[in-house]
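Asks: One file: entry.cif (mmCIF, C-alpha atoms and all ligand atoms).
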```
data_entry
loop_
_atom_site.label_atom_id
_atom_site.label_comp_id
_atom_site.auth_asym_id
_atom_site.auth_seq_id
_atom_site.Cartn_x
_atom_site.Cartn_y
_atom_site.Cartn_z
CA MET M 114 -4.44 -24.55 4.12
CA THR M 115 -0.85 -23.32 3.86
CA GLN M 116 0.97 -22.20 6.96
CA ALA M 117 3.30 -19.20 6.85
CA LEU M 118 6.12 -17.86 8.98
CA LEU M 119 7.05 -14.23 9.53
CA VAL M 120 10.71 -13.30 10.08
CA ILE M 121 11.60 -10.02 11.80
CA ASN M 122 14.97 -8.27 11.99
CA SER M 123 14.31 -5.21 14.11
CA GLY M 124 16.66 -2.21 14.44
CA SER M 125 16.48 1.16 16.16
CA SER M 126 14.15 2.88 13.70
CA SER M 127 13.61 0.25 11.04
CA VAL M 128 12.37 -3.31 10.73
CA LYS M 129 13.21 -5.74 7.94
CA PHE M 130 10.79 -8.63 7.47
CA ALA M 131 10.12 -11.61 5.25
CA THR M 132 7.32 -14.14 5.01
CA TYR M 133 7.66 -17.80 4.04
CA ASP M 134 5.29 -20.54 3.02
CA VAL M 135 5.68 -23.80 4.88
CA VAL M 136 4.49 -26.13 2.18
CA ARG M 137 4.49 -28.99 4.66
CA PRO M 138 6.35 -29.33 7.96
CA GLY M 139 9.95 -30.31 7.34
CA SER M 140 9.93 -29.33 3.66
CA ALA M 141 11.79 -26.40 2.09
CA LEU M 142 10.59 -22.90 2.87
CA ALA M 143 9.55 -20.66 -0.02
CA ARG M 144 9.73 -16.90 0.43
CA ILE M 145 6.43 -15.14 -0.26
CA ALA M 146 7.39 -11.51 0.29
CA ASN M 147 9.88 -9.30 2.03
CA GLY M 148 9.96 -5.68 3.06
CA ARG M 149 10.85 -3.05 5.59
CA ILE M 150 9.37 -0.36 7.74
CA GLU M 151 11.57 2.72 8.09
CA GLY M 152 11.09 5.80 10.24
CA ILE M 153 9.64 4.06 13.31
CA GLY M 154 9.23 6.69 16.05
CA SER M 155 8.58 9.41 13.49
CA HIS M 156 6.75 8.89 10.16
CA PRO M 157 6.97 5.18 9.36
CA ARG M 158 6.93 4.01 5.76
CA LEU M 159 5.99 0.44 4.81
CA GLN M 160 7.52 -1.12 1.70
CA VAL M 161 6.87 -4.67 0.51
CA TRP M 162 8.25 -6.64 -2.44
CA GLY M 163 6.95 -9.93 -3.84
CA GLN M 164 8.63 -13.20 -4.80
CA GLY M 165 10.17 -11.74 -7.92
CA ASN M 166 11.15 -8.49 -6.15
CA GLU M 167 8.20 -6.66 -7.72
CA PRO M 168 6.95 -3.78 -5.52
CA LEU M 169 3.69 -4.64 -3.73
CA GLU M 170 3.35 -1.73 -1.32
CA ASP M 171 4.97 1.62 -0.57
CA ARG M 172 3.09 3.96 1.74
CA ARG M 173 3.28 6.02 4.90
CA ILE M 174 1.67 4.45 7.95
CA SER M 175 -0.72 6.83 9.65
CA VAL M 176 -3.27 6.63 12.43
CA SER M 177 -5.69 9.60 12.68
CA ASN M 178 -3.70 12.83 12.62
CA ASP M 179 -0.70 11.63 14.62
CA PRO M 180 2.09 10.57 12.27
CA LEU M 181 4.63 9.93 15.10
CA LEU M 182 4.23 6.20 15.49
CA GLY M 183 6.22 3.70 17.57
CA PRO M 184 6.90 -0.03 17.14
CA GLN M 185 3.46 -1.17 18.27
CA GLU M 186 1.62 0.90 15.65
CA ALA M 187 4.19 -0.09 13.02
CA PHE M 188 3.69 -3.81 13.73
CA ALA M 189 -0.09 -3.35 13.79
CA ALA M 190 0.14 -1.83 10.30
CA LEU M 191 2.40 -4.66 9.12
CA PHE M 192 0.04 -7.35 10.45
CA ASP M 193 -2.90 -5.54 8.90
CA TRP M 194 -1.16 -5.58 5.50
CA LEU M 195 -0.13 -9.23 5.89
CA GLY M 196 -3.67 -10.20 6.91
CA ARG M 197 -5.13 -8.51 3.83
CA HIS M 198 -2.65 -10.36 1.60
CA ALA M 199 -2.69 -13.72 3.40
CA ALA M 200 -4.48 -15.45 0.50
CA GLY M 201 -5.83 -18.16 2.76
CA ARG M 202 -2.60 -18.75 4.66
CA THR M 203 -2.43 -19.05 8.44
CA LEU M 204 0.46 -17.64 10.43
CA GLY M 205 2.33 -20.30 12.41
CA ALA M 206 4.92 -18.19 14.20
CA VAL M 207 7.22 -15.18 14.14
CA GLY M 208 10.99 -15.72 14.15
CA HIS M 209 13.27 -12.93 15.35
CA ARG M 210 16.92 -12.12 15.00
CA VAL M 211 18.19 -11.49 18.53
CA VAL M 212 21.75 -10.32 18.56
CA HIS M 213 22.94 -11.60 21.95
CA GLY M 214 22.09 -14.92 23.59
CA GLY M 215 24.88 -14.77 26.15
CA GLU M 216 26.26 -18.06 27.44
CA LYS M 217 22.85 -19.43 28.30
CA PHE M 218 21.09 -19.44 24.93
CA ALA M 219 23.03 -21.67 22.58
CA ARG M 220 19.98 -22.69 20.52
CA PRO M 221 16.92 -20.87 19.09
CA VAL M 222 14.19 -20.78 21.67
CA ARG M 223 10.46 -20.05 21.90
CA VAL M 224 10.16 -16.81 23.81
CA THR M 225 8.34 -16.72 27.16
CA PRO M 226 8.08 -13.75 29.54
CA ASP M 227 10.81 -15.33 31.67
CA ILE M 228 13.17 -15.77 28.68
CA LEU M 229 12.46 -12.21 27.58
CA ALA M 230 13.50 -10.97 31.02
CA GLN M 231 16.74 -12.98 30.79
CA LEU M 232 17.46 -11.58 27.33
CA ASP M 233 16.97 -8.05 28.69
CA GLY M 234 20.06 -8.74 30.79
CA PHE M 235 22.22 -8.76 27.63
CA THR M 236 21.08 -5.31 26.47
CA PRO M 237 24.19 -3.51 27.83
CA LEU M 238 26.33 -5.93 25.75
CA ALA M 239 24.62 -4.94 22.49
CA PRO M 240 23.18 -1.46 23.06
CA MET M 241 22.57 -0.77 19.35
CA HIS M 242 20.53 -3.93 18.79
CA GLN M 243 19.26 -6.01 21.72
CA ALA M 244 16.67 -3.58 23.09
CA HIS M 245 15.17 -3.10 19.61
CA ASN M 246 15.11 -6.85 18.93
CA LEU M 247 13.27 -7.39 22.21
CA SER M 248 10.89 -4.47 21.81
CA ALA M 249 9.69 -6.04 18.54
CA ILE M 250 8.89 -9.26 20.41
CA ARG M 251 7.05 -7.30 23.10
CA ALA M 252 5.10 -5.23 20.57
CA ILE M 253 3.92 -8.36 18.73
CA ALA M 254 3.16 -10.19 22.01
CA SER M 255 0.95 -7.34 23.14
CA LEU M 256 -0.94 -7.42 19.84
CA TYR M 257 -1.20 -11.22 19.61
CA PRO M 258 -0.37 -12.85 22.97
CA ASP M 259 -0.90 -16.41 21.73
CA LEU M 260 1.24 -16.16 18.60
CA PRO M 261 4.41 -18.23 19.09
CA GLN M 262 7.60 -16.18 18.80
CA VAL M 263 11.06 -17.68 18.42
CA ALA M 264 14.38 -15.95 19.18
CA CYS M 265 17.36 -16.89 16.97
CA PHE M 266 20.74 -15.67 18.19
CA ASP M 267 23.66 -14.10 16.34
CA THR M 268 26.03 -15.49 18.96
CA GLU M 269 24.98 -19.12 18.53
CA PHE M 270 27.12 -20.09 15.54
CA HIS M 271 30.31 -19.23 17.43
CA ALA M 272 29.68 -21.58 20.37
CA THR M 273 31.97 -24.13 18.66
CA GLN M 274 35.08 -21.93 19.02
CA PRO M 275 37.93 -23.32 21.10
CA TRP M 276 38.53 -21.88 24.56
CA VAL M 277 41.51 -19.81 23.42
CA ALA M 278 39.40 -18.04 20.79
CA GLN M 279 36.70 -17.21 23.33
CA ALA M 280 38.77 -16.26 26.36
CA CYS M 281 39.83 -12.76 27.35
CA ALA M 282 43.19 -12.53 29.12
CA LEU M 283 41.49 -11.27 32.25
CA PRO M 284 41.35 -12.77 35.73
CA ARG M 285 39.55 -16.09 35.66
CA GLN M 286 36.58 -15.04 37.77
CA ILE M 287 35.77 -12.30 35.25
CA THR M 288 35.88 -14.71 32.30
CA GLU M 289 33.80 -17.18 34.30
CA ALA M 290 31.23 -14.43 34.95
CA GLY M 291 30.61 -14.37 31.18
CA VAL M 292 33.12 -11.74 30.01
CA LYS M 293 34.35 -13.66 26.97
CA ARG M 294 34.41 -13.35 23.19
CA TYR M 295 31.01 -14.40 21.81
CA GLY M 296 31.20 -13.34 18.15
CA PHE M 297 28.21 -12.07 16.13
CA HIS M 298 26.63 -12.17 12.64
CA GLY M 299 26.15 -15.88 13.40
CA LEU M 300 22.94 -16.25 11.39
CA SER M 301 24.71 -14.91 8.31
CA TYR M 302 27.72 -17.19 8.84
CA GLU M 303 25.45 -20.17 9.46
CA TYR M 304 23.73 -19.56 6.12
CA ILE M 305 27.05 -19.19 4.28
CA ALA M 306 28.37 -22.37 5.96
CA SER M 307 25.24 -24.21 4.80
CA VAL M 308 25.82 -23.35 1.13
CA LEU M 309 29.64 -23.58 1.01
CA PRO M 310 29.60 -27.16 -0.35
CA ASP M 311 27.46 -26.01 -3.31
CA HIS M 312 30.17 -23.59 -4.37
CA LEU M 313 33.55 -24.46 -2.87
CA ARG M 314 33.12 -28.21 -3.11
CA ALA M 315 36.19 -29.95 -1.57
CA VAL M 316 37.47 -26.74 -0.01
CA ALA M 317 34.15 -26.11 1.79
CA ASN M 318 35.30 -28.03 4.85
CA GLY M 319 38.79 -26.54 4.75
CA ARG M 320 40.22 -23.29 6.10
CA VAL M 321 37.75 -20.57 5.14
CA VAL M 322 37.37 -16.94 6.21
CA VAL M 323 34.00 -15.30 5.60
CA ALA M 324 33.88 -11.48 5.54
CA HIS M 325 30.43 -10.17 6.47
CA LEU M 326 30.74 -6.50 5.47
CA GLY M 327 27.49 -4.63 6.06
CA ASN M 328 26.72 -1.69 8.35
CA GLY M 329 28.13 -3.95 11.03
CA ALA M 330 31.17 -5.91 9.85
CA SER M 331 33.11 -8.92 11.03
CA LEU M 332 35.22 -11.84 9.85
CA CYS M 333 34.65 -15.46 10.80
CA ALA M 334 37.26 -18.21 10.49
CA MET M 335 35.67 -21.59 9.74
CA GLN M 336 37.07 -25.08 9.60
CA GLY M 337 34.76 -27.99 8.89
CA ARG M 338 32.14 -25.23 8.34
CA ARG M 339 32.21 -24.43 12.07
CA SER M 340 33.33 -21.19 13.63
CA VAL M 341 36.83 -21.37 15.11
CA ALA M 342 37.48 -17.62 15.55
CA SER M 343 35.81 -14.28 14.93
CA SER M 344 36.95 -10.67 14.74
CA MET M 345 34.01 -9.64 16.95
CA GLY M 346 34.24 -10.35 20.64
CA PHE M 347 32.35 -9.64 23.85
CA THR M 348 30.26 -7.04 22.05
CA ALA M 349 29.59 -6.21 18.40
CA LEU M 350 32.05 -3.32 18.76
CA ASP M 351 35.27 -5.30 18.42
CA GLY M 352 37.28 -6.18 15.32
CA LEU M 353 36.77 -4.46 11.97
CA MET M 354 36.05 -0.78 11.48
CA MET M 355 32.32 -0.44 10.66
CA GLY M 356 29.78 2.11 9.44
CA SER M 357 29.69 3.97 12.74
CA ARG M 358 31.49 1.60 15.15
CA CYS M 359 35.20 1.90 15.84
CA GLY M 360 36.20 -1.80 15.89
CA SER M 361 39.33 -2.87 17.79
CA LEU M 362 40.56 -0.14 20.10
CA ASP M 363 43.23 -0.01 22.77
CA PRO M 364 41.18 -0.31 26.00
CA GLY M 365 43.42 2.42 27.40
CA VAL M 366 41.65 4.85 25.05
CA VAL M 367 38.35 4.16 26.80
CA LEU M 368 39.96 4.78 30.20
CA TYR M 369 41.46 8.02 28.91
CA LEU M 370 38.16 9.24 27.41
CA MET M 371 36.57 8.85 30.84
CA SER M 372 39.31 9.79 33.27
CA GLY M 373 41.34 12.17 31.07
CA LEU M 374 38.56 13.86 29.06
CA GLY M 375 35.82 13.45 31.65
CA MET M 376 33.37 11.75 29.28
CA SER M 377 30.43 9.91 30.82
CA VAL M 378 29.77 6.22 30.11
CA PRO M 379 26.74 7.03 27.85
CA ALA M 380 28.84 9.59 25.95
CA VAL M 381 31.65 7.08 25.38
CA GLU M 382 29.11 4.45 24.34
CA LYS M 383 27.62 6.86 21.79
CA LEU M 384 31.07 7.81 20.51
CA LEU M 385 32.22 4.21 19.99
CA TYR M 386 28.97 2.79 18.57
CA GLU M 387 27.43 5.68 16.67
CA GLN M 388 30.02 8.33 15.85
CA SER M 389 33.12 6.36 14.86
CA GLY M 390 34.01 4.03 11.99
CA LEU M 391 33.47 5.26 8.43
CA LEU M 392 31.28 8.08 9.72
CA GLY M 393 33.76 9.34 12.31
CA VAL M 394 36.87 9.07 10.13
CA SER M 395 35.33 10.48 6.94
CA GLY M 396 33.19 13.05 8.73
CA ILE M 397 30.75 12.50 5.84
CA SER M 398 28.75 9.31 6.23
CA GLY M 399 28.73 5.80 7.64
CA ASP M 400 27.28 4.54 4.36
CA MET M 401 29.98 3.00 2.16
CA ARG M 402 28.27 4.09 -1.09
CA VAL M 403 28.38 7.72 0.01
CA VAL M 404 31.98 7.49 1.23
CA GLU M 405 33.11 5.75 -1.98
CA ALA M 406 31.46 8.47 -4.06
CA SER M 407 33.22 11.28 -2.21
CA GLU M 408 36.42 12.95 -3.44
CA ALA M 409 37.26 14.31 0.02
CA PRO M 410 40.68 13.25 1.36
CA GLU M 411 39.03 12.22 4.65
CA ALA M 412 36.76 9.84 2.74
CA ARG M 413 39.82 8.29 1.00
CA GLN M 414 41.50 7.87 4.38
CA ALA M 415 38.38 6.31 5.88
CA ILE M 416 38.40 3.64 3.14
CA ASP M 417 42.18 3.16 3.51
CA LEU M 418 41.70 2.46 7.21
CA TYR M 419 38.66 0.24 6.55
CA VAL M 420 40.69 -1.90 4.13
CA TYR M 421 43.80 -1.92 6.35
CA ARG M 422 41.78 -3.25 9.28
CA ILE M 423 40.24 -6.02 7.18
CA ALA M 424 43.70 -7.02 5.93
CA GLN M 425 45.07 -7.09 9.49
CA HIS M 426 42.22 -9.18 10.88
CA LEU M 427 42.30 -11.49 7.87
CA GLY M 428 45.95 -12.23 8.66
CA SER M 429 45.02 -12.84 12.28
CA LEU M 430 42.24 -15.29 11.40
CA ALA M 431 44.42 -17.06 8.83
CA ALA M 432 46.87 -17.57 11.71
CA SER M 433 44.05 -19.03 13.86
CA LEU M 434 43.31 -21.46 11.01
CA GLY M 435 46.95 -22.25 10.24
CA GLY M 436 46.43 -21.21 6.60
CA LEU M 437 43.77 -20.04 4.20
CA GLN M 438 42.04 -21.94 1.38
CA ALA M 439 39.05 -19.73 0.67
CA LEU M 440 37.83 -16.19 1.29
CA VAL M 441 34.12 -15.35 0.98
CA PHE M 442 32.65 -11.84 0.77
CA THR M 443 29.07 -11.25 1.84
CA ALA M 444 26.53 -8.58 3.05
CA GLY M 445 25.92 -5.11 1.55
CA ILE M 446 29.53 -4.00 1.03
CA GLY M 447 31.00 -7.48 0.52
CA GLU M 448 28.41 -8.36 -2.14
CA ASN M 449 28.32 -5.02 -3.95
CA SER M 450 31.59 -3.11 -3.73
CA ALA M 451 34.00 -4.45 -6.36
CA SER M 452 36.56 -1.77 -5.49
CA LEU M 453 36.60 -2.71 -1.83
CA ARG M 454 37.02 -6.40 -2.73
CA ARG M 455 39.86 -5.52 -5.11
CA ARG M 456 41.72 -3.62 -2.43
CA VAL M 457 41.24 -6.30 0.24
CA CYS M 458 42.37 -9.03 -2.16
CA GLY M 459 45.40 -6.92 -3.15
CA ASP M 460 46.45 -6.69 0.49
CA ALA M 461 45.90 -10.44 0.89
CA ALA M 462 48.20 -11.40 -2.01
CA TRP M 463 50.80 -12.65 0.50
CA LEU M 464 48.25 -15.28 1.63
CA GLY M 465 47.98 -16.61 -1.94
CA VAL M 466 44.95 -14.58 -3.06
CA ALA M 467 44.90 -13.76 -6.80
CA LEU M 468 41.83 -11.85 -7.92
CA ASP M 469 40.30 -12.19 -11.39
CA GLU M 470 39.48 -8.50 -11.86
CA ALA M 471 37.07 -9.10 -14.76
CA ALA M 472 35.08 -11.59 -12.64
CA ASN M 473 35.22 -9.19 -9.71
CA GLN M 474 33.78 -6.35 -11.80
CA ALA M 475 31.23 -8.51 -13.61
CA GLY M 476 28.56 -8.12 -10.94
CA GLY M 477 25.46 -10.27 -10.80
CA SER M 478 23.27 -11.18 -7.90
CA GLY M 479 24.15 -14.81 -7.25
CA ALA M 480 27.16 -16.64 -5.83
CA ARG M 481 30.25 -16.23 -8.00
CA CYS M 482 33.96 -17.08 -7.95
CA ILE M 483 36.17 -14.03 -8.41
CA SER M 484 39.67 -15.55 -8.09
CA THR M 485 41.90 -16.65 -10.96
CA ALA M 486 42.15 -20.32 -11.87
CA GLY M 487 45.69 -20.37 -10.43
CA SER M 488 44.87 -18.60 -7.15
CA ARG M 489 45.98 -20.61 -4.10
CA VAL M 490 43.00 -19.14 -2.24
CA ALA M 491 39.53 -19.43 -3.82
CA VAL M 492 37.71 -16.10 -3.53
CA TRP M 493 33.91 -16.02 -3.71
CA VAL M 494 31.04 -13.58 -3.39
CA ILE M 495 28.06 -15.34 -1.80
CA PRO M 496 24.89 -13.36 -0.97
CA THR M 497 23.83 -13.99 2.60
CA ASN M 498 20.31 -14.95 3.71
CA GLU M 499 19.86 -14.47 7.45
CA GLU M 500 16.07 -14.41 7.07
CA LEU M 501 15.99 -17.94 5.65
CA MET M 502 18.10 -19.19 8.58
CA ILE M 503 15.68 -17.60 11.06
CA ALA M 504 12.69 -19.08 9.22
CA GLN M 505 14.27 -22.55 9.26
CA HIS M 506 15.08 -22.33 12.98
CA THR M 507 11.59 -21.05 13.73
CA GLN M 508 10.04 -23.89 11.80
CA ALA M 509 12.18 -26.43 13.67
CA VAL M 510 11.30 -24.98 17.09
CA LEU M 511 7.62 -24.86 16.26
CA GLN M 512 7.30 -28.19 14.48
CA GLY M 513 4.15 -29.93 15.52
CA ARG M 514 2.44 -26.82 16.87
CA GLY M 515 -0.90 -25.57 15.58
CA ALA M 516 -1.35 -22.66 13.21
CA HIS M 517 -3.02 -19.33 13.95
CA ASP M 518 -5.29 -17.39 11.68
CA TRP M 519 -3.76 -14.16 10.33
CA ARG M 520 -6.74 -12.04 11.08
CA SER M 521 -8.79 -13.58 13.88
CA GLY M 522 -8.41 -12.29 17.43
CA GLY M 523 -6.70 -15.56 18.28
CA LEU M 524 -3.80 -14.96 15.87
P1 LIG W 1 22.96 -4.21 7.45
O1 LIG W 1 24.19 -4.53 8.22
O2 LIG W 1 22.18 -3.07 8.00
O3 LIG W 1 22.11 -5.41 7.07
P2 LIG W 1 23.78 -4.23 4.65
O4 LIG W 1 24.30 -5.61 4.67
O5 LIG W 1 22.58 -3.94 3.82
O6 LIG W 1 23.53 -3.62 6.10
O7 LIG W 1 24.99 -3.28 4.17
C1 LIG W 1 24.86 -1.90 4.15
C2 LIG W 1 26.15 -1.31 3.60
O8 LIG W 1 26.35 -1.84 2.28
C3 LIG W 1 26.15 0.20 3.51
O9 LIG W 1 27.39 0.73 3.94
C4 LIG W 1 25.97 0.41 2.01
O10 LIG W 1 26.54 1.63 1.57
C5 LIG W 1 26.76 -0.75 1.47
N1 LIG W 1 26.44 -0.98 0.06
C6 LIG W 1 25.29 -1.40 -0.49
N2 LIG W 1 25.39 -1.42 -1.84
C7 LIG W 1 26.63 -0.96 -2.14
C8 LIG W 1 27.35 -0.74 -3.37
N3 LIG W 1 26.80 -0.97 -4.55
N4 LIG W 1 28.63 -0.30 -3.27
C9 LIG W 1 29.19 -0.04 -2.08
N5 LIG W 1 28.58 -0.25 -0.90
C10 LIG W 1 27.32 -0.70 -0.93
#
```
Have the structure of the file written as structure tokens, please.

Replies:
Amino acid sequence: MTQALLVINSGSSSVKFATYDVVRPGSALARIANGRIEGIGSHPRLQVWGQGNEPLEDRRISVSNDPLLGPQEAFAALFDWLGRHAAGRTLGAVGHRVVHGGEKFARPVRVTPDILAQLDGFTPLAPMHQAHNLSAIRAIASLYPDLPQVACFDTEFHATQPWVAQACALPRQITEAGVKRYGFHGLSYEYIASVLPDHLRAVANGRVVVAHLGNGASLCAMQGRRSVASSMGFTALDGLMMGSRCGSLDPGVVLYLMSGLGMSVPAVEKLLYEQSGLLGVSGISGDMRVVEASEAPEARQAIDLYVYRIAQHLGSLAASLGGLQALVFTAGIGENSASLRRRVCGDAAWLGVALDEAANQAGGSGARCISTAGSRVAVWVIPTNEELMIAQHTQAVLQGRGAHDWRSGGL
């Protein structure tokens, strides 16, 4: 009987998931299906696609007459669907993306109540993500207490950074209390690092900057395919301008918002995480597709600032590396927006970047080189795959453990 793994990436009102076949322990994982639940807390909708991206399910989740359903009901509906489509598979474990592992969790770990309590302690450091990541684990644990769950951390990949890249220039006792630059999007960077040799060949182990440009956005400088610096820091707020997050900001602004404008801490938190970035500057949307489609001058300015910030941080990370041999674009904006890539590459010409505009525009869904043959810096688009990383980590943590039946009470 085939064992399967479920991967969960849980946000505030939506959950992305994927399932994988473990053909045999230690062998490659094959994706069975992927999907999402949107509208958790209101009127959740379950969508599932199969191996070839064919739609398998698209329906509202409802229980009796109450359509306002929270995470527990949403996960119950997901497990019900998975159980009905298990095709003889047993579920071995659930792997979760957990955004912050702090200093303590440098490796993926099987979650216990004690570990969950420790991870709660990092919630103030990632208010948009951590609580939702953990509430997914709790919801599944309450449905299936014996089902192994594994936490995989976005901070982990950056543990290799040198002290200078991680330190804040604050008094030592504050740094030693854990106030340091952790970096995020680590599961995405880890995946990209794992496939760099397939594409960049000799340059893979050289000086590479990866630009993960999604709703959240950051840059990671790699050498030897290890993280040496990141644009994100203590929280996922630092660095690049994002969909609704401000990115790098003079800390004096925060002091002024509170002492000068009398804003409360929760109000400042909401402003910086949810009302800034593309959304705040354009006044239209935090979604790049919508902002790109707008003719409004504020939308143009929002993209100007978005590009300017990437160019600035790219220069900073190239300085951390002592040069630049390759630039990789990934995630929703990095993989799909040719115009954004063109503008970033134009600003990076001084670093030796020469874009092949036809290749940039050509599109496609796989990894592709978009620099000219003569470019001193190789420029690539490589689709990320955080779910596969989580599945691989989960498999490694669970190796040797027994499987659980999808549908029995002992799942
Ligand atoms: P998340 O960080 O939530 O995983 P994604 O990696 O899916 O997000 O990225 C979402 C972002 O990608 C949104 O701003 C969306 O507008 C943008 N995006 C997706 N497709 C395109 C496209 N074709 N052109 C421009 N932006 C796009």

Asks: What does the list of residues within 10 Å of ligand LIG 1 (chain W) look like if you count all atoms listed in the file, written as a short mmCIF file (atom, residue, chain, number, x, y, z; two decimals) with C-alpha atoms, keeping the file's coordinate frame?

Replies:
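Printed below is pocket_9.cif as written:
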```cif
data_model
loop_
_atom_site.label_atom_id
_atom_site.label_comp_id
_atom_site.auth_asym_id
_atom_site.auth_seq_id
_atom_site.Cartn_x
_atom_site.Cartn_y
_atom_site.Cartn_z
CA ASN M 122 14.97 -8.27 11.99
CA GLY M 124 16.66 -2.21 14.44
CA SER M 127 13.61 0.25 11.04
CA LYS M 129 13.21 -5.74 7.94
CA HIS M 298 26.63 -12.17 12.64
CA SER M 301 24.71 -14.91 8.31
CA HIS M 325 30.43 -10.17 6.47
CA LEU M 326 30.74 -6.50 5.47
CA GLY M 327 27.49 -4.63 6.06
CA ASN M 328 26.72 -1.69 8.35
CA GLY M 329 28.13 -3.95 11.03
CA ALA M 330 31.17 -5.91 9.85
CA MET M 355 32.32 -0.44 10.66
CA GLY M 356 29.78 2.11 9.44
CA SER M 357 29.69 3.97 12.74
CA LEU M 391 33.47 5.26 8.43
CA SER M 398 28.75 9.31 6.23
CA GLY M 399 28.73 5.80 7.64
CA ASP M 400 27.28 4.54 4.36
CA MET M 401 29.98 3.00 2.16
CA ARG M 402 28.27 4.09 -1.09
CA VAL M 403 28.38 7.72 0.01
CA VAL M 404 31.98 7.49 1.23
CA GLU M 405 33.11 5.75 -1.98
CA ALA M 406 31.46 8.47 -4.06
CA THR M 443 29.07 -11.25 1.84
CA ALA M 444 26.53 -8.58 3.05
CA GLY M 445 25.92 -5.11 1.55
CA ILE M 446 29.53 -4.00 1.03
CA GLY M 447 31.00 -7.48 0.52
CA GLU M 448 28.41 -8.36 -2.14
CA ASN M 449 28.32 -5.02 -3.95
CA SER M 450 31.59 -3.11 -3.73
CA ALA M 451 34.00 -4.45 -6.36
CA SER M 452 36.56 -1.77 -5.49
CA LEU M 453 36.60 -2.71 -1.83
CA GLY M 476 28.56 -8.12 -10.94
CA PRO M 496 24.89 -13.36 -0.97
CA THR M 497 23.83 -13.99 2.60
CA GLU M 499 19.86 -14.47 7.45
#
```

Asks: Would you list the residues near (13.6, -18.3, 16.5) (no more than 10 Å away, in the coordinates of the file, using all atoms listed in the file) as a list in words?

Replies: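 Checking each residue against the 10 Å limit leaves Val120, Ile121, Ala206, Val207, Gly208, His209, Arg210, Val211, Arg220, Pro221, Val222, Arg223, Val224, Pro261, Gln262, Val263, Ala264, Cys265, Phe266, Met502, Ile503, Ala504, Gln505, His506, Thr507, Gln508, Ala509, Val510 and Leu511 of chain M.
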
Asks: Just want the 6 Å neighbourhood of Asn246 (chain M), counted on only C-alpha atoms, with same-chain residues fewer than 2 positions away dropped. Output as a list in words.

Replies: Ser123, Val211, Gln243, Ala244, Ser248 and Ala249 of chain M

Asks: Could you list, as a list in words, every residue within 9 Å of region 372-386 of chain M, counting only C-alpha atoms and ignoring same-chain residues fewer than 3 positions away?

Replies: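 Counting only the stated atoms, we get Pro240, Met241, Leu350, Ser357, Arg358, Cys359, Gly360, Val367, Leu368, Tyr369, Ser389, Gly390 and Gly393 of chain M.
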
Asks: May I have the protein, DNA and RNA residues with any atom at most 7 Å from the point (20.8, -12.8, 22.8), counting all atoms listed in the file, written as a ChimeraX atom specification?

Replies: /M:211-215,218,232,235,266

Asks: Grab the CA of Gln279 (chain M) to CA of Gly296 (chain M) distance for me, in Å with one decimal place.

Replies: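 So the answer is 8.5 Å.
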
Asks: Using all atoms listed in the file, find the one residue out of M:Thr132, M:Thr273, M:Gln474, M:Gln336 that sits nearest to Val494 (chain M).

Replies: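 With all atoms listed in the file as the atom set, the closest residue is M:Gln474.
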
Asks: Take CA of Ile174 (chain M) and CA of Pro157 (chain M) and report the distance between them in Å, one decimal.

Replies: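 So the answer is 5.5 Å.
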
Asks: Would you please work out which residue, of M:Ala219, M:Ala252, M:Ala467, M:Ile483, is nearest to Thr268 (chain M) when using only C-alpha atoms?

Replies: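 Closest to Thr268 (chain M), using only C-alpha atoms: M:Ala219.
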
Asks: Using only C-alpha atoms, which of the listed residues (M:Leu501, M:Ile416, M:Ala230, M:Ala461) sits closest to Ala131 (chain M)?

Replies: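 So, comparing all the options, the nearest one is M:Leu501.
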
Asks: I need the residue nearest Ser433 (chain M) from this list: M:Leu260, M:Ala342, M:Ala290, M:Ala199. Use all atoms listed in the file for the distance.

Replies: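 Among the listed residues, the smallest separation from Ser433 (chain M) belongs to M:Ala342.
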
Asks: Which of these, M:Val277, M:Leu169, M:Ala475, M:Ile495, has the shortest distance to Asp311 (chain M) once you count only C-alpha atoms?

Replies: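 Comparing M:Val277, M:Leu169, M:Ala475, M:Ile495 against Asp311 (chain M), the winner is M:Ile495.
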
Asks: Considering only C-alpha atoms, can you say which of M:Ala415, M:Val394, M:Gly319, M:Ile153 comes closest to Gly435 (chain M)?

Replies: M:Gly319

Asks: CA of Phe188 (chain M) and CA of Ser155 (chain M), how far apart in Å?

Replies: 14.1 Å
